[in-house]
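Novice: Mind having a look at this structure? Questions to follow.
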2 protein chains.
Amino acid sequence: MKLIPGGVCAAQGFLANGIHCGIRKNKSKRDLALIFSEVPATAAAVYTTNLVKGAPLAVTRRHLSDGRAQAIICNSGNANTCNANGIEIAEQMSALLAKEMNIDAENVVVASTGVIGQPLNLEPIANGIPALVQGLGNNRSAEAAEGIMTTDTKLKEVAVSFEIGGVTCRLGGIAKGSGMIHPNMATMLVFITTDCAISSEMLQKALSSDIRNTFNMVSVDGDTSTNDMVTVLANGMAKNPCISEEGDGFATFMKALNTVTVALCRMIAGDGEGATKLLECKVDGAKDEATAKTVAKSIICSSLTKAAMFGADANWGRVFCAIGYSGADVDVNRVDVRFRSAKGEILVCKDGAGVDFSEELAKQILLEGEIEILVSLNSGDACATAWGCDLTYDYVKINGDYRT
Amino acid sequence: MKLIPGGVCAAQGFLANGIHCGIRKNKSKRDLALIFSEVPATAAAVYTTNLVKGAPLAVTRRHLSDGRAQAIICNSGNANTCNANGIEIAEQMSALLAKEMNIDAENVVVASTGVIGQPLNLEPIANGIPALVQGLGNNRSAEAAEGIMTTDTKLKEVAVSFEIGGVTCRLGGIAKGSGMIHPNMATMLVFITTDCAISSEMLQKALSSDIRNTFNMVSVDGDTSTNDMVTVLANGMAKNPCISEEGDGFATFMKALNTVTVALCRMIAGDGEGATKLLECKVDGAKDEATAKTVAKSIICSSLTKAAMFGADANWGRVFCAIGYSGADVDVNRVDVRFRSAKGEILVCKDGAGVDFSEELAKQILLEGEIEILVSLNSGDACATAWGCDLTYDYVKINGDYRT
């Protein structure tokens with residue numbers, strides 16, 4: 001497993017592009033992205049569990065019912081959700097792209113991200129599609145990644161190479177996600193491409209399994225979006241022996257997928273709206289995985305813990321309190337809590353009670369940009385990791401007047 | 001039902017006081033409070049469901065096992081939670097007070113609020129108790145209310161008078177609560193006194209029933225405290241026919257209790273840490289009460305909704321999104337959303353889709369200090385109300401460095 005450059009264009013046969021077409025007022029921000037496979041690809045996706053679902057998700061779900069896709073089009077600046085004619089607009093986006101590229105509209109994945117409840121104007125998209133298609137290149141993953149950003153401050157892309165049956169394959173992804181991040185069974189906008197040959201059943205299985213430990217363990221603000229979606233396209237151009245059942249090849253593919261999704265999770269959490277710190281909560285010693293996950297996510301979601309981390313305040317009582325109300329069955333008298341970063345590691349709570357510790361060292365550790373909150377439940381062997389970020393003035397600022 | 005002054009001293013036979021004894025560094029802040037009934041009273045209490053429970057709660061639970069109490073002692077500045085000797089300290093607080101007042105230590109309710117995980121020094125409490133007792137008065141509810149405040153900015157007390165069997169009774173309460181507010185089955189620190197004669201069974205029944213629609217429907221930050229507690233003392237000095245079963249008298253008592261608890265809920269939510277606005281979310285048209293409550297609480301807890309309210313931004317998509325991920329079974333295509341305040345009412349979402357509305361009027365409405373978020377599910381007759389506050393820069397500031 002090797003990290004390589006190229007994002008969604010790292011895999012053979014994938015092209016991408018991103019342009020400013022005019023949905024967003026700021027002309028320096030790209031607002032329309034395209035990912036294209038030279039040949040039709042196997043496709044899998046998972047979607048938000050919010051009962052309010054963006055119109056593009058309904059259209060994409062229908063288009064992916066045959067497990068095949070060739071292109072992904074996504075705009076930012078407007079979520080095309082809770083509009084009277086949302087489905088129609090999403091269908092037209094697909095149709096316009098399909099016509100321009102001479103492909104089947106049923107092979108188009110369509111996505112939108114931005115404000116909810118305002119009609120999406122199709123005109124700038126229709127006008128922009130020719131330039132979007134013309135500019136496609138196998139080195140333009142970054143432009144596509146920019147095109148799907150909203151309040152994100154950092155571009156999110158990653159890719160790996162790996163071998164299946166002696167053949168080198170590649171898998172890469174781009175993501176957006178900064179606010180309204182609390183995925184549940186699916187998540188944010190993430191587009192992953194691979195040239196690995198894999199059946200659509202195994203691709204869906206790999207994705208559905210992976211997200212339970214990756215995107216579903218990320219929270220920026222506890223708000224589950226209406227438009228979360230993760231899509232993987234696999235075009236088989238690496239010409240490896242096609243993965244059609246569990247075994248070594250599938251295990252390697254799962255590992256590649258996990259390497260990319262964990263990297264994207266860290267990027268999304270670290271770039272949470274207003275965030276100054278990435279928080280990684282690792283829980284071990286749980287009696288089962290569900291307990292470990294519940295505890296890890298409860299801590300990552302605690303506003304009080306998040307604010308304390310912003311202030312580099314080793315207020316472990318906030319962490320301990322979040323363990324207690326998580327709903328998990330935990331023996332609180334066995335719990336140890338540590339903080340860790342590049343500056344070192346410090347034990348702050350042992351067997352459920354505070355210990356003497358150096359406030360100075362704790363401060364040094366917590367002033368870093370990446371903080372690990374380590375919790376040992378000392379009641380078993382299961383563990384889990386969750387990702388989040390601190391709660392800052394800027395989160396409030398960004399969301400106090402999001403629509404203007 | 002008439003609102004009257006006096007807080008916990010409104011009911012006959014109740015005295016109170018609050019002093020600075022030295023737990024808190026700031027000498028202008030009272031940090032020790034006492035409420036005393038001239039005769040032993042019937043008592044009922046509910047406690048936090050957090051698995052991590054403050055030591056004082058364990059001691060109080062034991063002391064109230066006979067349904068009787070005569071005094072309540074509470075310090076602020078330190079929660080006496082997650083300390084090796086917390087139980088011992090709480091027992092000693094009770095014993096010291098009992099000795100000074102010549103009452104049974106088993107009749108003392110003990111409570112603490114403040115930082116978790118730091119040993120509570122008994123010395124200032126021991127030294128302060130004589131002055132605390134000496135200063136008791138039937139007009140010092142406000143001093144007691146001040147003594148239990150932490151990050152609260154406003155004193156919270158309220159009282160009502162009502163008639164049972166032609167006899168005038170009084171019931172009043174004080175509360176503290178500003179951060180770590182997301183009660184679950186019990187809540188915050190609330191002390192209620194009444195001179196109404198009522199059996200301990202009916203008193204507990206009244207309290208346990210009432211909090212389901214009052215304190216359990218309040219959230220400031222989604223963090224359920226380790227030290228939440230509501231206690232009611234009823235000393236019977238009004239000499240009404242004792243309430244020992246359901247009927248008109250119990251119904252009147254429930255109404256009096258509810259008037260006081262709803263008023264305290266509004267005070268707590270409106271004084272949430274850093275809050276500039278009280279949010280009251282009223283959900284109607286639900287198929288059942290559980291659905292209405294789940295939806296109301298999901299909205300009140302949404303960080304994005306809270307930040308939008310801070311910015312007076314009519315971003316109803318945040319409200320709608322929170323309905324969708326609440327977990328309640330809702331037909332989102334039937335949902336209407338309105339905002340209301342002293343400045344008027346505005347419909348922003350009808351049948352699950354945005355409507356044209358005046359942004360100017362919406363802004364005027366949302367700039368007020370008390371905002372109602374009105375949600376009609378149009379699928380039945382059940383309704384619920386939840387209380388919360390906006391998410392502000394000051395919430396982050398207060399909790400970024402809580403311990404210093």
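Chain labels follow the order of the structure tokens: the first chain is A, the next B, and so on; residue numbering restarts at 1 in every chain, and ligands are counted from 1 in their shown order.
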Please check the contacts: residues of chain B at most 7 Å away from chain A, using only C-alpha atoms, listed as an NGL selection string.

Specialist: :B and (50-52 or 82-84 or 116-118 or 221 or 223-226 or 302-304 or 307-311 or 313 or 317 or 321-322 or 324-325 or 332 or 352-354 or 391-393 or 396 or 399-401)

Novice: Limited to N, CA and C atoms, could you put the picked residues into a file as a compact mmCIF listing (two decimals), in the first residue's frame?

Specialist:
```txt
# COMPACT_ATOMS: atom_id res chain seq x y z
N ASN B 50 -26.66 10.25 33.98
CA ASN B 50 -25.26 10.04 33.61
C ASN B 50 -24.68 8.92 34.49
N LEU B 51 -23.96 7.97 33.87
CA LEU B 51 -23.38 6.87 34.65
C LEU B 51 -22.36 7.39 35.65
N VAL B 52 -21.71 8.50 35.28
CA VAL B 52 -20.82 9.16 36.22
C VAL B 52 -21.70 10.07 37.08
N CYS B 82 -15.89 12.47 40.92
CA CYS B 82 -14.66 11.83 40.44
C CYS B 82 -13.48 12.16 41.35
N ASN B 83 -13.73 12.24 42.64
CA ASN B 83 -12.64 12.37 43.61
C ASN B 83 -12.62 11.09 44.43
N ALA B 84 -11.45 10.71 44.87
CA ALA B 84 -11.33 9.47 45.63
C ALA B 84 -12.20 9.51 46.89
N ILE B 116 -15.35 19.22 37.83
CA ILE B 116 -15.28 17.80 38.12
C ILE B 116 -13.82 17.39 38.30
N GLY B 117 -13.58 16.46 39.23
CA GLY B 117 -12.27 15.81 39.29
C GLY B 117 -11.22 16.53 40.11
N GLN B 118 -11.62 17.55 40.85
CA GLN B 118 -10.68 18.18 41.76
C GLN B 118 -11.20 17.99 43.17
N ASP B 221 -26.42 22.51 25.58
CA ASP B 221 -25.29 22.08 24.76
C ASP B 221 -25.21 20.58 24.53
N ASP B 223 -24.80 18.25 26.53
CA ASP B 223 -24.00 17.53 27.51
C ASP B 223 -24.80 17.31 28.80
N THR B 224 -25.09 16.04 29.12
CA THR B 224 -25.83 15.71 30.33
C THR B 224 -24.89 15.71 31.52
N SER B 225 -25.16 16.56 32.47
CA SER B 225 -24.28 16.73 33.63
C SER B 225 -24.20 15.48 34.50
N THR B 226 -23.16 15.43 35.31
CA THR B 226 -23.01 14.34 36.27
C THR B 226 -23.70 14.65 37.59
N SER B 302 -29.63 21.27 17.76
CA SER B 302 -28.83 21.41 16.54
C SER B 302 -27.89 22.61 16.62
N SER B 303 -26.61 22.35 16.56
CA SER B 303 -25.62 23.43 16.62
C SER B 303 -25.82 24.41 15.48
N LEU B 304 -26.18 23.89 14.31
CA LEU B 304 -26.36 24.76 13.15
C LEU B 304 -27.57 25.66 13.33
N ALA B 307 -26.62 28.31 15.94
CA ALA B 307 -25.74 29.36 15.42
C ALA B 307 -26.53 30.29 14.49
N ALA B 308 -27.45 29.72 13.71
CA ALA B 308 -28.27 30.56 12.81
C ALA B 308 -29.13 31.52 13.62
N MET B 309 -29.67 31.05 14.74
CA MET B 309 -30.49 31.91 15.59
C MET B 309 -29.65 33.04 16.19
N PHE B 310 -28.42 32.72 16.56
CA PHE B 310 -27.50 33.74 17.06
C PHE B 310 -27.33 34.84 16.00
N GLY B 311 -27.20 34.43 14.75
CA GLY B 311 -27.02 35.39 13.66
C GLY B 311 -28.32 35.97 13.14
N ASP B 313 -30.49 34.60 11.46
CA ASP B 313 -30.56 34.17 10.06
C ASP B 313 -31.70 33.15 9.92
N GLY B 317 -33.61 25.75 6.68
CA GLY B 317 -33.05 24.47 6.25
C GLY B 317 -32.37 23.76 7.41
N CYS B 321 -33.49 20.14 8.49
CA CYS B 321 -32.47 19.09 8.53
C CYS B 321 -32.50 18.37 9.88
N ALA B 322 -32.65 19.12 10.95
CA ALA B 322 -32.68 18.52 12.30
C ALA B 322 -33.92 17.67 12.51
N GLY B 324 -35.23 15.95 10.08
CA GLY B 324 -34.95 14.76 9.27
C GLY B 324 -34.05 13.75 9.94
N TYR B 325 -33.07 14.24 10.72
CA TYR B 325 -32.14 13.29 11.35
C TYR B 325 -32.52 12.96 12.79
N VAL B 332 -41.85 14.10 6.00
CA VAL B 332 -41.22 15.42 5.84
C VAL B 332 -41.92 16.29 4.79
N GLY B 352 -42.89 20.95 3.51
CA GLY B 352 -41.53 20.46 3.28
C GLY B 352 -40.72 21.20 2.23
N ALA B 353 -41.23 22.33 1.75
CA ALA B 353 -40.46 23.09 0.75
C ALA B 353 -40.46 24.56 1.14
N GLY B 354 -39.45 25.28 0.73
CA GLY B 354 -39.33 26.69 1.05
C GLY B 354 -40.45 27.50 0.42
N LEU B 391 -26.20 29.44 20.00
CA LEU B 391 -24.79 29.09 20.17
C LEU B 391 -23.97 30.31 19.79
N THR B 392 -23.14 30.78 20.73
CA THR B 392 -22.49 32.07 20.54
C THR B 392 -20.99 31.99 20.75
N TYR B 393 -20.31 33.08 20.38
CA TYR B 393 -18.87 33.17 20.65
C TYR B 393 -18.59 32.95 22.13
N VAL B 396 -18.19 29.43 23.48
CA VAL B 396 -16.85 28.90 23.20
C VAL B 396 -15.84 29.50 24.17
N ASN B 399 -16.13 28.06 27.73
CA ASN B 399 -15.73 26.66 27.86
C ASN B 399 -14.36 26.34 27.29
N GLY B 400 -13.76 27.31 26.63
CA GLY B 400 -12.39 27.11 26.13
C GLY B 400 -11.40 27.14 27.29
N ASP B 401 -11.79 27.76 28.35
CA ASP B 401 -10.89 27.83 29.50
C ASP B 401 -11.69 27.90 30.79
```

Novice: Name all residues at most 8 Å from B:Ile268 (count only C-alpha atoms; drop same-chain ones fewer than 6 positions away) and give them as a CSV table (one decimal) with C-alpha atoms, in the first residue's frame.

Specialist:
```
chain,number,residue,atom,x,y,z
B,156,LYS,CA,-33.3,32.0,38.9
B,175,ALA,CA,-32.3,26.8,40.1
B,176,LYS,CA,-28.8,26.9,38.6
B,177,GLY,CA,-27.8,25.8,35.2
B,178,SER,CA,-26.1,27.3,32.3
```

Novice: Which residues are close to B:Ala292, i.e. within 7 Å by only C-alpha atoms, leaving aside same-chain residues fewer than 2 positions away? Reply as a list in words.

Specialist: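 In the requested form, the answer reads Val283, Asp284, Ala286, Asp288, Glu289, Ala290, Thr294, Val295, Ala296, Ala382, Cys383 and Ala384 of chain B.
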
Novice: Measuring atom to atom with only C-alpha atoms, identify which of B:Ser112, B:Thr193, B:Thr60, B:Asn216 is nearest to B:Cys265.

Specialist: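 Smallest separation from B:Cys265 among the options: B:Asn216.
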
Novice: With distances taken over only C-alpha atoms, which residue among B:Glu360, B:Glu123, B:Asp210, B:Asp248 lies nearest B:Gly166?

Specialist: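 Between B:Glu360, B:Glu123, B:Asp210, B:Asp248, the residue approaching B:Gly166 most closely is B:Asp248.
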
Novice: Separation of atom CA of A:Ile346 and atom CA of A:Ile373, in Å?

Specialist: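 Rounded to one decimal, the two atoms are 10.1 Å apart.
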
Novice: So which residues touch stretch 134-140 of chain B within 6 Å, counting only C-alpha atoms, skipping near sequence neighbours fewer than 3 positions away, as a short mmCIF file (atom, residue, chain, number, x, y, z; two decimals) with C-alpha atoms, in the first residue's frame?

Specialist:
```cif
data_model
loop_
_atom_site.label_atom_id
_atom_site.label_comp_id
_atom_site.auth_asym_id
_atom_site.auth_seq_id
_atom_site.Cartn_x
_atom_site.Cartn_y
_atom_site.Cartn_z
CA CYS B 9 -38.97 31.18 51.09
CA LEU B 15 -35.77 29.82 55.56
CA ALA B 16 -32.75 30.24 53.31
CA ASN B 17 -29.31 31.83 53.08
CA ALA B 131 -22.45 32.01 59.64
CA GLU B 143 -28.95 34.71 48.53
#
```

Novice: Skip stretch 22-31 of chain B itself and residues of its chain fewer than 5 positions away, then list as a PyMOL selection string all residues within 12 Å of it, counting only C-alpha atoms.

Specialist: chain B and resi 17+73-80+111-115+118-129+132+142-153+155+403-404

Novice: Can you write out the residues you just picked, keeping N, CA and C atoms, as a tab-separated table (two decimals), in the first residue's frame?

Specialist:
```tsv
chain	number	residue	atom	x	y	z
B	17	ASN	N	-30.45	30.92	53.00
B	17	ASN	CA	-29.31	31.83	53.08
B	17	ASN	C	-28.25	31.39	52.08
B	73	ILE	N	-28.13	21.62	51.73
B	73	ILE	CA	-26.89	22.40	51.69
B	73	ILE	C	-26.23	22.17	50.34
B	74	CYS	N	-25.78	23.24	49.71
B	74	CYS	CA	-25.21	23.12	48.36
B	74	CYS	C	-24.07	24.11	48.19
B	75	ASN	N	-22.93	23.61	47.71
B	75	ASN	CA	-21.83	24.53	47.39
B	75	ASN	C	-21.66	24.65	45.89
B	76	SER	N	-21.12	25.77	45.44
B	76	SER	CA	-20.72	25.92	44.04
B	76	SER	C	-19.20	26.03	43.98
B	77	GLY	N	-18.64	25.93	42.77
B	77	GLY	CA	-17.18	26.05	42.60
B	77	GLY	C	-16.47	24.71	42.50
B	78	ASN	N	-17.11	23.65	42.92
B	78	ASN	CA	-16.50	22.32	42.87
B	78	ASN	C	-17.63	21.28	42.95
B	79	ALA	N	-17.66	20.36	41.98
B	79	ALA	CA	-18.77	19.41	41.87
B	79	ALA	C	-18.63	18.20	42.79
B	80	ASN	N	-17.49	18.09	43.48
B	80	ASN	CA	-17.23	16.92	44.33
B	80	ASN	C	-17.57	15.62	43.61
B	111	ALA	N	-25.63	18.80	47.99
B	111	ALA	CA	-25.39	18.96	46.55
B	111	ALA	C	-24.16	19.82	46.33
B	112	SER	N	-23.51	19.61	45.18
B	112	SER	CA	-22.31	20.37	44.81
B	112	SER	C	-22.35	20.63	43.32
B	113	THR	N	-21.80	21.75	42.90
B	113	THR	CA	-21.75	22.05	41.46
B	113	THR	C	-20.50	22.84	41.14
B	114	GLY	N	-19.88	22.52	40.02
B	114	GLY	CA	-18.65	23.21	39.63
B	114	GLY	C	-17.74	22.26	38.87
B	115	VAL	N	-16.45	22.41	39.03
B	115	VAL	CA	-15.48	21.59	38.30
B	115	VAL	C	-15.52	20.14	38.76
B	118	GLN	N	-11.62	17.55	40.85
B	118	GLN	CA	-10.68	18.18	41.76
B	118	GLN	C	-11.20	17.99	43.17
B	119	PRO	N	-10.34	17.58	44.11
B	119	PRO	CA	-10.79	17.32	45.48
B	119	PRO	C	-11.49	18.55	46.06
B	120	LEU	N	-12.59	18.33	46.77
B	120	LEU	CA	-13.31	19.43	47.42
B	120	LEU	C	-12.76	19.60	48.83
B	121	ASN	N	-12.28	20.78	49.10
B	121	ASN	CA	-11.72	21.09	50.42
B	121	ASN	C	-12.85	21.39	51.40
B	122	LEU	N	-12.93	20.60	52.46
B	122	LEU	CA	-14.04	20.74	53.41
B	122	LEU	C	-13.87	21.95	54.33
B	123	GLU	N	-12.65	22.42	54.46
B	123	GLU	CA	-12.34	23.44	55.45
B	123	GLU	C	-13.18	24.72	55.33
B	124	PRO	N	-13.22	25.34	54.16
B	124	PRO	CA	-14.03	26.57	54.07
B	124	PRO	C	-15.51	26.31	54.37
B	125	ILE	N	-15.99	25.11	54.03
B	125	ILE	CA	-17.39	24.78	54.31
B	125	ILE	C	-17.60	24.66	55.82
B	126	ALA	N	-16.69	23.93	56.47
B	126	ALA	CA	-16.78	23.76	57.92
B	126	ALA	C	-16.73	25.12	58.62
B	127	ASN	N	-15.82	25.97	58.17
B	127	ASN	CA	-15.71	27.30	58.77
B	127	ASN	C	-16.91	28.18	58.47
B	128	GLY	N	-17.56	27.95	57.31
B	128	GLY	CA	-18.66	28.83	56.89
B	128	GLY	C	-20.01	28.47	57.47
B	129	ILE	N	-20.18	27.20	57.88
B	129	ILE	CA	-21.51	26.73	58.29
B	129	ILE	C	-22.13	27.55	59.43
B	132	LEU	N	-23.50	30.64	57.97
B	132	LEU	CA	-24.57	30.26	57.03
B	132	LEU	C	-25.88	30.04	57.78
B	142	ALA	N	-33.01	34.69	47.48
B	142	ALA	CA	-32.10	35.19	46.44
B	142	ALA	C	-30.64	34.89	46.80
B	143	GLU	N	-30.32	34.99	48.10
B	143	GLU	CA	-28.95	34.71	48.53
B	143	GLU	C	-28.62	33.23	48.30
B	144	ALA	N	-29.59	32.37	48.58
B	144	ALA	CA	-29.37	30.94	48.33
B	144	ALA	C	-29.23	30.69	46.82
B	145	ALA	N	-30.08	31.35	46.04
B	145	ALA	CA	-30.02	31.18	44.58
B	145	ALA	C	-28.67	31.62	44.04
B	146	GLU	N	-28.12	32.69	44.61
B	146	GLU	CA	-26.80	33.15	44.20
B	146	GLU	C	-25.72	32.14	44.58
B	147	GLY	N	-25.89	31.53	45.74
B	147	GLY	CA	-24.87	30.59	46.24
B	147	GLY	C	-24.69	29.36	45.39
B	148	ILE	N	-25.69	29.02	44.58
B	148	ILE	CA	-25.57	27.81	43.75
B	148	ILE	C	-25.22	28.14	42.30
B	149	MET	N	-25.04	29.41	41.97
B	149	MET	CA	-24.71	29.79	40.59
B	149	MET	C	-23.26	29.45	40.24
B	150	THR	N	-23.02	29.05	38.98
B	150	THR	CA	-21.63	28.88	38.51
B	150	THR	C	-21.41	29.87	37.37
B	151	THR	N	-21.61	29.43	36.12
B	151	THR	CA	-21.48	30.38	35.01
B	151	THR	C	-22.80	31.10	34.74
B	152	ASP	N	-23.81	30.82	35.55
B	152	ASP	CA	-25.09	31.53	35.42
B	152	ASP	C	-24.84	33.04	35.50
B	153	THR	N	-25.58	33.78	34.70
B	153	THR	CA	-25.46	35.24	34.80
B	153	THR	C	-26.68	35.84	35.47
B	155	LEU	N	-29.94	35.24	38.34
B	155	LEU	CA	-30.51	34.53	39.47
B	155	LEU	C	-31.85	33.93	39.02
B	403	ARG	N	-11.67	26.11	33.50
B	403	ARG	CA	-11.11	25.83	34.83
B	403	ARG	C	-10.29	26.98	35.40
B	404	THR	N	-9.97	27.99	34.59
B	404	THR	CA	-9.13	29.07	35.13
B	404	THR	C	-9.95	30.30	35.51
```
